[in-house]
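Containing CSV, C-alpha atoms: final-v6.csv.
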```
chain,number,residue,atom,x,y,z
L,1,MET,CA,64.2,-91.3,-46.6
L,2,PHE,CA,66.3,-89.5,-44.0
L,3,GLY,CA,69.2,-89.5,-46.4
L,4,ARG,CA,67.2,-88.0,-49.2
L,5,LEU,CA,66.0,-85.3,-46.8
L,6,ILE,CA,69.5,-84.4,-45.9
L,7,ARG,CA,70.5,-84.2,-49.5
L,8,ASP,CA,67.5,-82.1,-50.3
L,9,ARG,CA,68.6,-78.8,-48.9
L,10,ARG,CA,65.7,-76.9,-50.3
L,11,GLY,CA,63.2,-79.3,-48.6
L,12,PHE,CA,65.1,-78.9,-45.4
L,13,SER,CA,65.0,-75.1,-45.5
L,14,VAL,CA,61.2,-75.1,-46.2
L,15,THR,CA,60.6,-77.5,-43.3
L,16,VAL,CA,62.7,-75.4,-40.9
L,17,ALA,CA,61.0,-72.2,-42.0
L,18,ALA,CA,57.6,-73.7,-41.5
L,19,SER,CA,58.5,-74.9,-38.1
L,20,ILE,CA,59.9,-71.5,-37.1
L,21,LEU,CA,56.7,-69.8,-38.5
L,22,LEU,CA,54.5,-72.2,-36.5
L,23,LEU,CA,56.5,-71.5,-33.4
L,24,VAL,CA,56.2,-67.7,-33.9
L,25,LEU,CA,52.5,-68.0,-34.5
L,26,SER,CA,52.1,-70.2,-31.4
L,27,LEU,CA,54.0,-67.7,-29.3
L,28,PHE,CA,51.9,-64.8,-30.6
L,29,TYR,CA,48.7,-66.7,-30.0
L,30,VAL,CA,49.7,-67.6,-26.4
L,31,SER,CA,50.9,-64.1,-25.8
L,32,TYR,CA,47.8,-62.5,-27.1
L,33,GLN,CA,45.6,-64.9,-25.3
L,34,SER,CA,47.4,-64.4,-21.9
L,35,ILE,CA,48.0,-60.6,-22.2
L,36,GLU,CA,45.8,-58.9,-24.8
L,37,ILE,CA,42.5,-60.9,-24.1
L,38,PRO,CA,42.6,-60.1,-20.4
L,39,ALA,CA,43.3,-56.5,-21.1
L,40,PHE,CA,40.4,-56.5,-23.6
L,41,CYS,CA,38.1,-58.1,-21.1
L,42,LYS,CA,39.2,-55.7,-18.4
L,43,GLU,CA,38.2,-52.8,-20.6
L,44,VAL,CA,34.8,-54.3,-21.1
L,45,GLU,CA,34.4,-54.6,-17.3
L,46,LYS,CA,35.5,-50.9,-16.8
L,47,GLN,CA,32.8,-49.8,-19.3
L,48,SER,CA,30.2,-52.0,-17.5
L,49,LEU,CA,31.2,-50.5,-14.1
L,50,THR,CA,30.5,-47.0,-15.5
L,51,VAL,CA,27.1,-48.1,-16.6
L,52,LEU,CA,26.4,-49.7,-13.2
L,53,GLU,CA,27.4,-46.5,-11.4
L,54,GLU,CA,25.0,-44.6,-13.7
L,55,ASP,CA,22.3,-47.1,-12.9
L,56,VAL,CA,22.8,-46.6,-9.1
L,57,VAL,CA,22.6,-42.8,-9.5
L,58,ASN,CA,19.4,-43.3,-11.4
L,59,LEU,CA,18.1,-45.6,-8.6
L,60,VAL,CA,18.7,-42.9,-6.0
L,61,SER,CA,17.2,-40.2,-8.2
L,62,ASN,CA,14.1,-42.3,-8.6
L,63,LEU,CA,14.0,-43.0,-4.9
L,64,LYS,CA,13.9,-39.2,-4.2
L,65,ARG,CA,11.3,-38.7,-6.9
L,66,LEU,CA,9.1,-41.4,-5.4
L,67,ILE,CA,9.2,-39.6,-2.0
L,68,GLY,CA,8.0,-36.5,-3.7
L,69,ASP,CA,5.3,-37.8,-6.1
L,70,ASN,CA,4.2,-40.9,-4.2
L,71,THR,CA,4.3,-43.2,-7.2
L,72,PRO,CA,6.2,-46.5,-7.8
L,73,LYS,CA,9.4,-46.4,-9.8
L,74,THR,CA,11.3,-49.2,-11.7
L,75,VAL,CA,15.0,-49.2,-12.4
L,76,HIS,CA,17.4,-51.6,-14.0
L,77,LEU,CA,20.8,-52.5,-12.5
L,78,HIS,CA,23.3,-53.8,-15.1
L,79,LEU,CA,25.4,-55.9,-12.7
L,80,GLY,CA,27.4,-57.6,-15.4
L,81,ASP,CA,27.7,-58.5,-19.1
L,82,VAL,CA,29.0,-61.0,-21.6
L,83,TYR,CA,32.4,-60.4,-23.3
L,84,PRO,CA,32.2,-59.7,-27.1
L,85,PRO,CA,33.6,-62.6,-29.1
L,86,VAL,CA,37.2,-62.3,-30.4
L,87,PRO,CA,37.7,-64.5,-33.5
L,88,PHE,CA,40.1,-67.4,-33.0
L,89,PHE,CA,40.6,-66.5,-29.3
L,90,SER,CA,38.9,-67.6,-26.1
L,91,THR,CA,37.0,-65.3,-23.7
L,92,PRO,CA,35.2,-66.2,-20.5
L,93,ASN,CA,31.4,-66.5,-20.6
L,94,GLY,CA,30.8,-63.3,-18.7
L,95,PHE,CA,30.7,-61.6,-15.3
L,96,SER,CA,28.0,-60.6,-12.9
L,97,GLY,CA,27.3,-59.0,-9.5
L,98,SER,CA,25.2,-59.1,-6.4
L,99,VAL,CA,22.8,-56.9,-4.6
L,100,TYR,CA,21.9,-57.1,-0.9
L,101,THR,CA,20.6,-55.0,1.9
L,102,TYR,CA,21.7,-54.3,5.5
L,103,PRO,CA,19.9,-52.5,8.4
L,104,ALA,CA,19.5,-48.7,8.5
L,105,ARG,CA,18.4,-46.5,11.3
L,106,VAL,CA,17.8,-42.7,11.6
L,107,LYS,CA,17.2,-40.9,14.8
L,108,ILE,CA,16.6,-37.1,14.9
L,109,ASP,CA,16.5,-35.6,18.3
L,110,ASN,CA,15.6,-32.2,19.9
L,111,VAL,CA,13.5,-31.0,17.0
L,112,LYS,CA,10.5,-28.7,17.0
L,113,ILE,CA,8.5,-29.5,13.9
L,114,VAL,CA,6.3,-26.9,12.1
L,115,SER,CA,4.3,-26.9,8.8
L,116,VAL,CA,5.9,-25.5,5.7
L,117,THR,CA,2.6,-23.8,4.8
L,118,SER,CA,1.1,-22.5,8.0
L,119,ARG,CA,4.3,-22.4,10.2
L,120,GLY,CA,2.1,-23.9,12.9
L,121,GLN,CA,3.2,-26.9,14.9
L,122,ALA,CA,2.8,-30.1,12.9
L,123,ASN,CA,4.3,-33.2,14.3
L,124,PRO,CA,3.9,-33.1,18.1
L,125,TYR,CA,7.0,-35.1,18.9
L,126,ASN,CA,10.6,-33.9,19.4
L,127,THR,CA,12.3,-37.1,18.5
L,128,LEU,CA,11.9,-38.9,15.1
L,129,GLU,CA,13.2,-42.5,14.7
L,130,ILE,CA,12.8,-44.9,11.8
L,131,THR,CA,14.5,-48.1,10.7
L,132,GLY,CA,14.8,-49.5,7.2
L,133,SER,CA,17.5,-50.8,4.8
L,134,ASN,CA,20.5,-49.6,2.9
L,135,ILE,CA,21.7,-51.3,-0.3
L,136,ILE,CA,25.2,-52.5,-1.3
L,137,ILE,CA,26.0,-53.6,-4.9
L,138,SER,CA,29.1,-55.7,-5.3
L,139,PRO,CA,30.4,-56.4,-8.8
L,140,LYS,CA,32.0,-59.8,-9.3
L,141,TYR,CA,34.4,-59.3,-12.2
L,142,ASN,CA,37.0,-61.6,-13.6
L,143,PHE,CA,39.8,-59.2,-14.3
L,144,LEU,CA,39.0,-55.8,-12.7
L,145,ASN,CA,39.2,-55.3,-9.0
L,146,ALA,CA,35.9,-53.5,-9.0
L,147,PRO,CA,34.7,-51.4,-5.9
L,148,ASP,CA,31.5,-51.9,-4.1
L,149,ILE,CA,28.7,-49.3,-4.6
L,150,VAL,CA,26.8,-48.4,-1.4
L,151,VAL,CA,23.6,-46.5,-1.1
L,152,GLU,CA,23.0,-45.1,2.4
L,153,TYR,CA,20.3,-42.5,3.1
L,154,GLY,CA,20.2,-41.2,-0.4
L,155,VAL,CA,24.0,-40.9,-0.7
L,156,VAL,CA,26.0,-43.1,-3.1
L,157,ALA,CA,29.5,-44.2,-2.1
L,158,VAL,CA,32.1,-46.1,-4.1
L,159,GLY,CA,35.0,-48.1,-2.6
L,160,LYS,CA,36.0,-51.0,-0.3
L,161,GLY,CA,36.9,-51.5,3.3
L,162,SER,CA,37.5,-48.1,4.9
L,163,ASN,CA,38.2,-46.2,1.7
L,164,TYR,CA,35.0,-44.8,0.1
L,165,VAL,CA,34.5,-41.7,-2.0
L,166,PRO,CA,31.2,-39.9,-2.7
L,167,LEU,CA,29.7,-40.6,-6.2
L,168,TYR,CA,26.3,-38.8,-5.8
L,169,GLY,CA,24.0,-37.1,-3.4
L,170,LYS,CA,24.1,-34.9,-0.3
L,171,LEU,CA,22.5,-35.5,3.1
L,172,ILE,CA,22.4,-31.8,3.8
L,173,ASP,CA,22.3,-29.2,1.0
L,174,ASN,CA,22.3,-25.6,2.3
L,175,SER,CA,19.4,-25.8,4.8
L,176,THR,CA,17.6,-28.8,3.4
L,177,ILE,CA,17.9,-32.2,5.0
L,178,PHE,CA,16.8,-35.0,2.7
L,179,ILE,CA,16.9,-38.5,4.2
L,180,PRO,CA,15.4,-41.3,2.1
L,181,LEU,CA,15.4,-45.0,3.1
L,182,PHE,CA,14.6,-48.4,1.7
L,183,ASP,CA,12.4,-50.9,3.4
L,184,GLY,CA,12.7,-54.7,3.0
L,185,ASN,CA,15.4,-57.2,2.2
L,186,LEU,CA,17.3,-58.1,-0.9
L,187,SER,CA,19.9,-60.9,-1.5
L,188,VAL,CA,20.5,-61.4,-5.2
L,189,GLY,CA,23.8,-62.8,-6.6
L,190,GLY,CA,25.3,-64.1,-9.8
L,191,VAL,CA,23.0,-62.2,-12.1
L,192,ILE,CA,23.9,-60.0,-15.1
L,193,SER,CA,20.8,-57.7,-14.9
L,194,TYR,CA,18.3,-57.0,-12.1
L,195,GLU,CA,15.1,-55.1,-12.3
L,196,LEU,CA,14.1,-53.3,-9.0
L,197,THR,CA,10.7,-51.8,-8.4
L,198,LEU,CA,10.2,-49.3,-5.5
L,199,TYR,CA,6.8,-48.8,-3.9
L,200,PRO,CA,5.8,-45.8,-1.7
L,201,LYS,CA,5.8,-46.7,2.0
L,202,SER,CA,6.1,-43.2,3.4
L,203,ALA,CA,5.9,-40.5,0.7
L,204,GLY,CA,4.0,-37.6,-0.8
L,205,GLY,CA,4.6,-35.0,1.8
L,206,SER,CA,6.1,-31.5,1.2
L,207,GLY,CA,8.5,-31.8,4.2
L,208,VAL,CA,8.5,-29.8,7.4
L,209,TYR,CA,10.5,-27.1,9.1
L,210,VAL,CA,12.6,-28.2,12.0
L,211,THR,CA,14.6,-26.2,14.6
L,212,ASN,CA,16.0,-27.1,18.0
L,213,GLU,CA,13.2,-27.6,20.6
L,214,ASP,CA,15.6,-26.8,23.5
L,215,PRO,CA,17.3,-23.5,22.7
L,216,SER,CA,20.4,-24.7,24.6
L,217,THR,CA,20.8,-28.0,22.7
L,218,ASN,CA,21.7,-28.8,19.1
L,219,VAL,CA,19.5,-30.8,16.7
L,220,THR,CA,21.2,-34.1,16.3
L,221,ILE,CA,21.0,-36.8,13.6
L,222,GLU,CA,22.1,-40.3,14.3
L,223,LEU,CA,22.8,-42.8,11.4
L,224,ASP,CA,23.7,-46.4,11.6
L,225,SER,CA,26.3,-46.6,8.9
L,226,ARG,CA,29.0,-48.9,7.5
L,227,LEU,CA,30.7,-46.0,5.8
L,228,PRO,CA,33.7,-44.4,7.5
L,229,LEU,CA,33.7,-41.1,9.3
L,230,ASP,CA,35.8,-39.2,6.7
L,231,PHE,CA,33.2,-40.1,4.0
L,232,TRP,CA,30.4,-38.4,5.9
L,233,ARG,CA,32.5,-35.3,6.5
L,234,LYS,CA,32.7,-35.0,2.7
L,235,VAL,CA,28.9,-35.1,2.1
L,236,VAL,CA,27.7,-32.6,4.7
L,237,PRO,CA,28.5,-28.9,5.0
L,238,GLU,CA,31.6,-27.8,7.0
L,239,TRP,CA,29.3,-26.2,9.7
L,240,VAL,CA,27.9,-29.6,10.6
L,241,SER,CA,29.8,-31.4,13.4
L,242,VAL,CA,30.3,-35.1,12.5
L,243,THR,CA,31.5,-37.8,15.0
L,244,GLU,CA,31.3,-41.6,14.9
L,245,ASP,CA,31.1,-44.2,17.6
L,246,ASP,CA,30.9,-48.0,17.0
L,247,GLY,CA,29.1,-47.6,13.6
L,248,ILE,CA,26.8,-44.8,14.7
L,249,VAL,CA,27.5,-41.5,12.9
L,250,LYS,CA,26.2,-38.4,14.7
L,251,LEU,CA,25.6,-35.1,13.0
L,252,SER,CA,25.2,-32.0,15.2
L,253,LEU,CA,23.5,-29.0,13.6
L,254,PRO,CA,24.1,-25.4,14.8
L,255,LYS,CA,21.5,-24.0,17.2
L,256,GLY,CA,19.1,-21.3,16.3
L,257,ARG,CA,18.7,-22.3,12.6
L,258,THR,CA,15.7,-23.6,10.8
L,259,TYR,CA,16.0,-26.5,8.4
L,260,ARG,CA,13.6,-28.1,5.9
L,261,LEU,CA,13.4,-31.8,6.6
L,262,ILE,CA,12.2,-34.2,3.9
L,263,MET,CA,12.1,-37.9,4.8
L,264,GLY,CA,10.5,-40.9,3.2
L,265,VAL,CA,10.7,-44.7,2.7
L,266,ALA,CA,10.5,-46.8,-0.5
L,267,SER,CA,9.5,-50.4,0.0
L,268,LEU,CA,11.3,-53.1,-2.0
L,269,ASN,CA,8.2,-55.3,-1.7
L,270,GLU,CA,4.9,-54.6,-3.4
L,271,TRP,CA,3.1,-55.8,-0.3
L,272,GLY,CA,5.1,-53.7,2.1
L,273,GLY,CA,2.2,-51.4,3.0
L,274,ARG,CA,2.4,-48.0,4.5
L,275,LEU,CA,3.9,-46.7,7.7
L,276,GLN,CA,1.4,-46.6,10.5
L,277,PRO,CA,-0.4,-43.3,11.2
L,278,ALA,CA,1.2,-41.2,13.9
L,279,TYR,CA,-0.8,-37.9,14.2
L,280,LEU,CA,-3.4,-35.7,12.7
L,281,TYR,CA,-2.6,-32.3,11.1
L,282,LYS,CA,-5.3,-29.7,11.0
L,283,VAL,CA,-5.9,-28.5,7.5
L,284,SER,CA,-9.0,-26.4,8.1
L,285,PRO,CA,-9.0,-23.5,10.7
L,286,THR,CA,-9.5,-24.4,14.4
L,287,SER,CA,-12.5,-22.1,14.7
L,288,GLN,CA,-15.2,-21.7,12.0
L,289,SER,CA,-18.7,-20.5,11.4
L,290,SER,CA,-21.5,-23.0,10.5
L,291,PRO,CA,-21.8,-24.6,8.0
L,292,CYS,CA,-18.2,-25.5,7.5
L,293,GLY,CA,-15.8,-28.3,6.5
L,294,LEU,CA,-13.6,-29.9,9.1
L,295,VAL,CA,-10.5,-31.2,7.4
L,296,VAL,CA,-7.5,-33.1,8.8
L,297,GLN,CA,-4.6,-34.9,7.2
L,298,VAL,CA,-3.4,-38.2,8.6
L,299,ARG,CA,0.4,-38.3,8.7
L,300,ASP,CA,3.0,-40.9,9.7
L,301,VAL,CA,6.1,-40.3,11.8
L,302,LEU,CA,8.0,-38.9,8.8
L,303,ASN,CA,5.3,-36.3,8.2
L,304,ASN,CA,4.0,-37.9,5.0
L,305,PRO,CA,0.3,-38.5,4.3
L,306,VAL,CA,-1.3,-41.9,5.1
L,307,PRO,CA,-4.2,-43.0,2.9
L,308,LEU,CA,-7.1,-45.3,4.0
L,309,SER,CA,-6.8,-44.5,7.7
L,310,ASN,CA,-9.9,-44.3,10.0
L,311,VAL,CA,-10.7,-40.9,11.4
L,312,THR,CA,-13.6,-40.5,13.8
L,313,PHE,CA,-15.3,-37.0,14.0
L,314,SER,CA,-17.5,-36.8,17.1
L,315,VAL,CA,-19.4,-33.9,18.8
L,316,LEU,CA,-18.1,-33.1,22.3
L,317,SER,CA,-20.6,-30.4,23.1
L,318,GLY,CA,-23.3,-28.1,21.5
L,319,SER,CA,-25.9,-28.8,18.9
L,320,VAL,CA,-23.7,-29.8,16.0
L,321,THR,CA,-24.6,-32.2,13.2
L,322,LEU,CA,-21.9,-33.9,11.2
L,323,LYS,CA,-22.5,-34.9,7.6
L,324,THR,CA,-20.6,-37.0,5.0
L,325,VAL,CA,-21.3,-39.0,1.9
L,326,ASP,CA,-20.8,-42.8,2.2
L,327,ASP,CA,-19.4,-45.2,-0.4
L,328,ARG,CA,-22.8,-45.6,-2.1
L,329,GLY,CA,-23.2,-41.8,-2.5
L,330,ASN,CA,-25.8,-41.5,0.3
L,331,LEU,CA,-25.7,-38.5,2.6
L,332,VAL,CA,-25.2,-39.6,6.2
L,333,SER,CA,-25.8,-37.4,9.3
L,334,SER,CA,-24.8,-38.1,12.9
L,335,SER,CA,-23.1,-36.7,16.0
L,336,SER,CA,-20.3,-39.2,15.3
L,337,LEU,CA,-18.9,-40.3,11.9
L,338,THR,CA,-15.9,-42.4,10.9
L,339,VAL,CA,-14.4,-41.7,7.6
L,340,LYS,CA,-11.3,-42.9,5.7
L,341,SER,CA,-8.5,-40.7,4.6
L,342,ASN,CA,-8.1,-40.4,0.8
L,343,GLU,CA,-4.9,-41.0,-1.2
L,344,LEU,CA,-3.5,-37.6,0.0
L,345,GLY,CA,-4.3,-38.5,3.6
L,346,PHE,CA,-7.2,-36.0,3.9
L,347,ALA,CA,-10.3,-36.9,5.9
L,348,SER,CA,-13.3,-34.5,6.3
L,349,VAL,CA,-16.9,-34.0,7.3
L,350,THR,CA,-19.3,-31.1,7.1
L,351,ALA,CA,-20.4,-29.5,10.4
L,352,GLU,CA,-23.7,-27.6,10.9
L,353,SER,CA,-24.4,-26.0,14.3
L,354,SER,CA,-27.1,-23.8,15.8
L,355,GLY,CA,-24.7,-22.4,18.4
L,356,LEU,CA,-21.3,-22.9,19.8
L,357,GLY,CA,-20.0,-26.5,19.7
L,358,LEU,CA,-16.9,-28.6,19.9
L,359,VAL,CA,-16.0,-31.4,17.5
L,360,LYS,CA,-13.2,-33.8,18.1
L,361,ALA,CA,-11.3,-35.6,15.3
L,362,ASN,CA,-9.8,-38.9,16.6
L,363,LEU,CA,-7.1,-41.0,14.8
L,364,THR,CA,-8.2,-44.5,15.8
L,365,ASP,CA,-5.6,-46.3,13.7
L,366,ARG,CA,-2.6,-44.8,15.4
L,367,SER,CA,0.1,-47.3,16.2
L,368,ALA,CA,0.9,-45.9,19.7
L,369,LEU,CA,-1.1,-47.0,22.7
L,370,GLN,CA,-3.3,-43.9,22.9
L,371,PRO,CA,-5.3,-42.4,19.9
L,372,TYR,CA,-4.3,-39.0,18.7
L,373,GLU,CA,-7.0,-36.2,18.5
L,374,VAL,CA,-7.5,-32.6,17.6
L,375,VAL,CA,-10.5,-30.3,18.5
L,376,PHE,CA,-12.4,-27.8,16.3
L,377,ILE,CA,-14.8,-25.0,17.4
L,378,VAL,CA,-18.0,-24.6,15.3
L,379,SER,CA,-20.3,-21.6,15.9
```
Conversion result in structure tokens:
Amino acid sequence: MFGRLIRDRRGFSVTVAASILLLVLSLFYVSYQSIEIPAFCKEVEKQSLTVLEEDVVNLVSNLKRLIGDNTPKTVHLHLGDVYPPVPFFSTPNGFSGSVYTYPARVKIDNVKIVSVTSRGQANPYNTLEITGSNIIISPKYNFLNAPDIVVEYGVVAVGKGSNYVPLYGKLIDNSTIFIPLFDGNLSVGGVISYELTLYPKSAGGSGVYVTNEDPSTNVTIELDSRLPLDFWRKVVPEWVSVTEDDGIVKLSLPKGRTYRLIMGVASLNEWGGRLQPAYLYKVSPTSQSSPCGLVVQVRDVLNNPVPLSNVTFSVLSGSVTLKTVDDRGNLVSSSSLTVKSNELGFASVTAESSGLGLVKANLTDRSALQPYEVVFIVS
């Protein structure tokens, strides 16, 4: 047989040509599989990263809207995807990402807080401090060295290590300071898509005006942060002094200026509840003629309304009768009444007096050791 193959030059040429063609096709297949398929998959991952960045921007936008309108929000994070099939070639099954939280803390010091409506003093404290969570999203791609996406205090950063660039959001915009936080813990990994629902924990307020309490001292904002100092210098105005010490970023605001401060917290857990009441804000005038409505708003430390809090109105002096309507629609009259704040944090009674009298509104649910109270004059 071997001899006949040698003698058959035509058969020999066909066999050699087929072998060479098979070798070329094999080299092409191997080359395409090892070079073009990874490049194709990498492009799919780039497109997925763009979608994920848009999702995170949408997350922060919804976080800010929640703090304003006091209603839950749901967002989807597209952490990964599957690769489209390529006929005759092999692609990996897909890629995913992880989402987890780490501690956040904000402390604002030397502030005098006044209402945005009456310009009267609102929050009686000159230091605000709150803890919560920040979020980091880490894509786990097969071909693209994707950056992490970090959400700290309403600002979105993209990068790794000590190299981050801003993607979205400003902590201070002109004279408005907007600081939203998350509350709760997340640790999710190896998933392609994740649905995240945010619930109001401190929200629904219109903000407050703040200025420096001590005229000789600046308003300062401290942030526990994993982001580098140069990043924070990019997301605040040039007139804000920014320093960092052991993971604490300190912003120092110029003296003698008034800023609008809006803060709030979104819970990552449906059962996270609300922040505890911190103080009462007088809605109705301090002094009124009988009959009149005595109205207060229950607020938390971030100056947002707190619903379903107990407020006790009681007569301190004078012939004053307090009236309200109970849950059954019955009119109740007494010298001391306890009512619950509504969804907007308002609590009220009607006062009738035959002369000069004093009525105290007492916040009995306050988290501090002593209850907080305000006094009204009824004549």
Between atom CA of L:Pro237 and atom CA of L:Pro147, distance in Å (one decimal):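 Interatomic distance here is 25.8 Å.
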Pick out the residues sitting within 7 Å of L:Lys340, and hand them over as an MDAnalysis selection string; count all atoms listed in the file, and ignore anything fewer than 2 positions along from it in its own chain. chainID L and resid 308:311 338 342 347
Limited to C-alpha atoms, could you put the picked residues into a file as a PDB file, keeping the file's coordinate frame?
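Result saved to selection06.pdb:
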```
ATOM      1  CA  LEU L 308      -7.100 -45.300   4.000  1.00  0.00           C
ATOM      2  CA  SER L 309      -6.800 -44.500   7.700  1.00  0.00           C
ATOM      3  CA  ASN L 310      -9.900 -44.300  10.000  1.00  0.00           C
ATOM      4  CA  VAL L 311     -10.700 -40.900  11.400  1.00  0.00           C
ATOM      5  CA  THR L 338     -15.900 -42.400  10.900  1.00  0.00           C
ATOM      6  CA  ASN L 342      -8.100 -40.400   0.800  1.00  0.00           C
ATOM      7  CA  ALA L 347     -10.300 -36.900   5.900  1.00  0.00           C
TER       8      ALA L 347
END
```
Can you measure atom CA of L:Leu171 to atom CA of L:Gly184 for me? One decimal in Å is fine.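 Atom-to-atom, atom CA of L:Leu171 and atom CA of L:Gly184 are spaced 21.6 Å apart.
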So that I can see what lies close to L:Asn185, please list as an mmCIF file with C-alpha atoms, keeping the file's coordinate frame the residues with an atom at most 10 Å from it, counting only C-alpha atoms and leaving out residues fewer than 3 positions away in the same chain.
```cif
data_model
loop_
_atom_site.group_PDB
_atom_site.id
_atom_site.type_symbol
_atom_site.label_atom_id
_atom_site.label_comp_id
_atom_site.auth_asym_id
_atom_site.auth_seq_id
_atom_site.Cartn_x
_atom_site.Cartn_y
_atom_site.Cartn_z
ATOM 1 C CA TYR L 100 21.900 -57.100 -0.900
ATOM 2 C CA THR L 101 20.600 -55.000 1.900
ATOM 3 C CA TYR L 102 21.700 -54.300 5.500
ATOM 4 C CA PRO L 103 19.900 -52.500 8.400
ATOM 5 C CA GLY L 132 14.800 -49.500 7.200
ATOM 6 C CA SER L 133 17.500 -50.800 4.800
ATOM 7 C CA ASN L 134 20.500 -49.600 2.900
ATOM 8 C CA ILE L 135 21.700 -51.300 -0.300
ATOM 9 C CA PHE L 182 14.600 -48.400 1.700
ATOM 10 C CA VAL L 188 20.500 -61.400 -5.200
ATOM 11 C CA SER L 267 9.500 -50.400 0.000
ATOM 12 C CA LEU L 268 11.300 -53.100 -2.000
ATOM 13 C CA ASN L 269 8.200 -55.300 -1.700
#
```
Which of these, L:Tyr199, L:Tyr259, L:Phe313, L:Trp239, has the shortest distance to L:Pro72 once you count only C-alpha atoms?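 Nearest to L:Pro72: L:Tyr199.
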For the atom pair atom CA of L:Lys360 and atom CA of L:Pro277, what is the interatomic distance in Å to one decimal place? 17.4 Å
Under the rule that all atoms listed in the file are counted, which of L:Ala157, L:Leu186, L:Ile192, L:Val114 is the nearest residue to L:Gly97?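 Result for the nearest residue to L:Gly97: L:Ile192.
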Counting all atoms listed in the file, the residue of L:Leu63, L:Ile221, L:Val235, L:Ala203 that sits nearest L:Asn304: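 Going through L:Leu63, L:Ile221, L:Val235, L:Ala203 one by one, the smallest distance to L:Asn304 is for L:Ala203.
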Calculated over all atoms listed in the file, which of the candidates L:Lys112, L:His76, L:Arg299, L:Arg233 has the smallest distance to L:Lys170?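 Among L:Lys112, L:His76, L:Arg299, L:Arg233, it is L:Arg233 that comes nearest to L:Lys170.
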Could you name the residues that touch stretch 136-140 of chain L at 9 Å or less, counting only C-alpha atoms, but leaving out those on the same chain fewer than 2 positions away, as a PyMOL selection string? chain L and resi 49+52+56+79-80+95-102+134+142+144-152+189-190
Please identify all polymer residues within 10 Å of L:Leu59, counting all atoms listed in the file, omitting same-chain residues fewer than 4 positions from it, and present them as JSON, numbers by chain. {"L": [53, 54, 55, 63, 64, 65, 73, 74, 75, 76, 77, 151, 154, 156, 196, 197, 198]}
Atoms to include: C-alpha atoms. Write the selected residues as an mmCIF file, in the frame of the given file.
```
data_model
loop_
_atom_site.group_PDB
_atom_site.id
_atom_site.type_symbol
_atom_site.label_atom_id
_atom_site.label_comp_id
_atom_site.auth_asym_id
_atom_site.auth_seq_id
_atom_site.Cartn_x
_atom_site.Cartn_y
_atom_site.Cartn_z
ATOM 1 C CA GLU L 53 27.400 -46.500 -11.400
ATOM 2 C CA GLU L 54 25.000 -44.600 -13.700
ATOM 3 C CA ASP L 55 22.300 -47.100 -12.900
ATOM 4 C CA LEU L 63 14.000 -43.000 -4.900
ATOM 5 C CA LYS L 64 13.900 -39.200 -4.200
ATOM 6 C CA ARG L 65 11.300 -38.700 -6.900
ATOM 7 C CA LYS L 73 9.400 -46.400 -9.800
ATOM 8 C CA THR L 74 11.300 -49.200 -11.700
ATOM 9 C CA VAL L 75 15.000 -49.200 -12.400
ATOM 10 C CA HIS L 76 17.400 -51.600 -14.000
ATOM 11 C CA LEU L 77 20.800 -52.500 -12.500
ATOM 12 C CA VAL L 151 23.600 -46.500 -1.100
ATOM 13 C CA GLY L 154 20.200 -41.200 -0.400
ATOM 14 C CA VAL L 156 26.000 -43.100 -3.100
ATOM 15 C CA LEU L 196 14.100 -53.300 -9.000
ATOM 16 C CA THR L 197 10.700 -51.800 -8.400
ATOM 17 C CA LEU L 198 10.200 -49.300 -5.500
#
```
Which residue is closest to L:Val191? Choose from L:Val219, L:Asp81, L:Glu213, L:Gly169 and count only C-alpha atoms.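 The closest residue to L:Val191 is L:Asp81.
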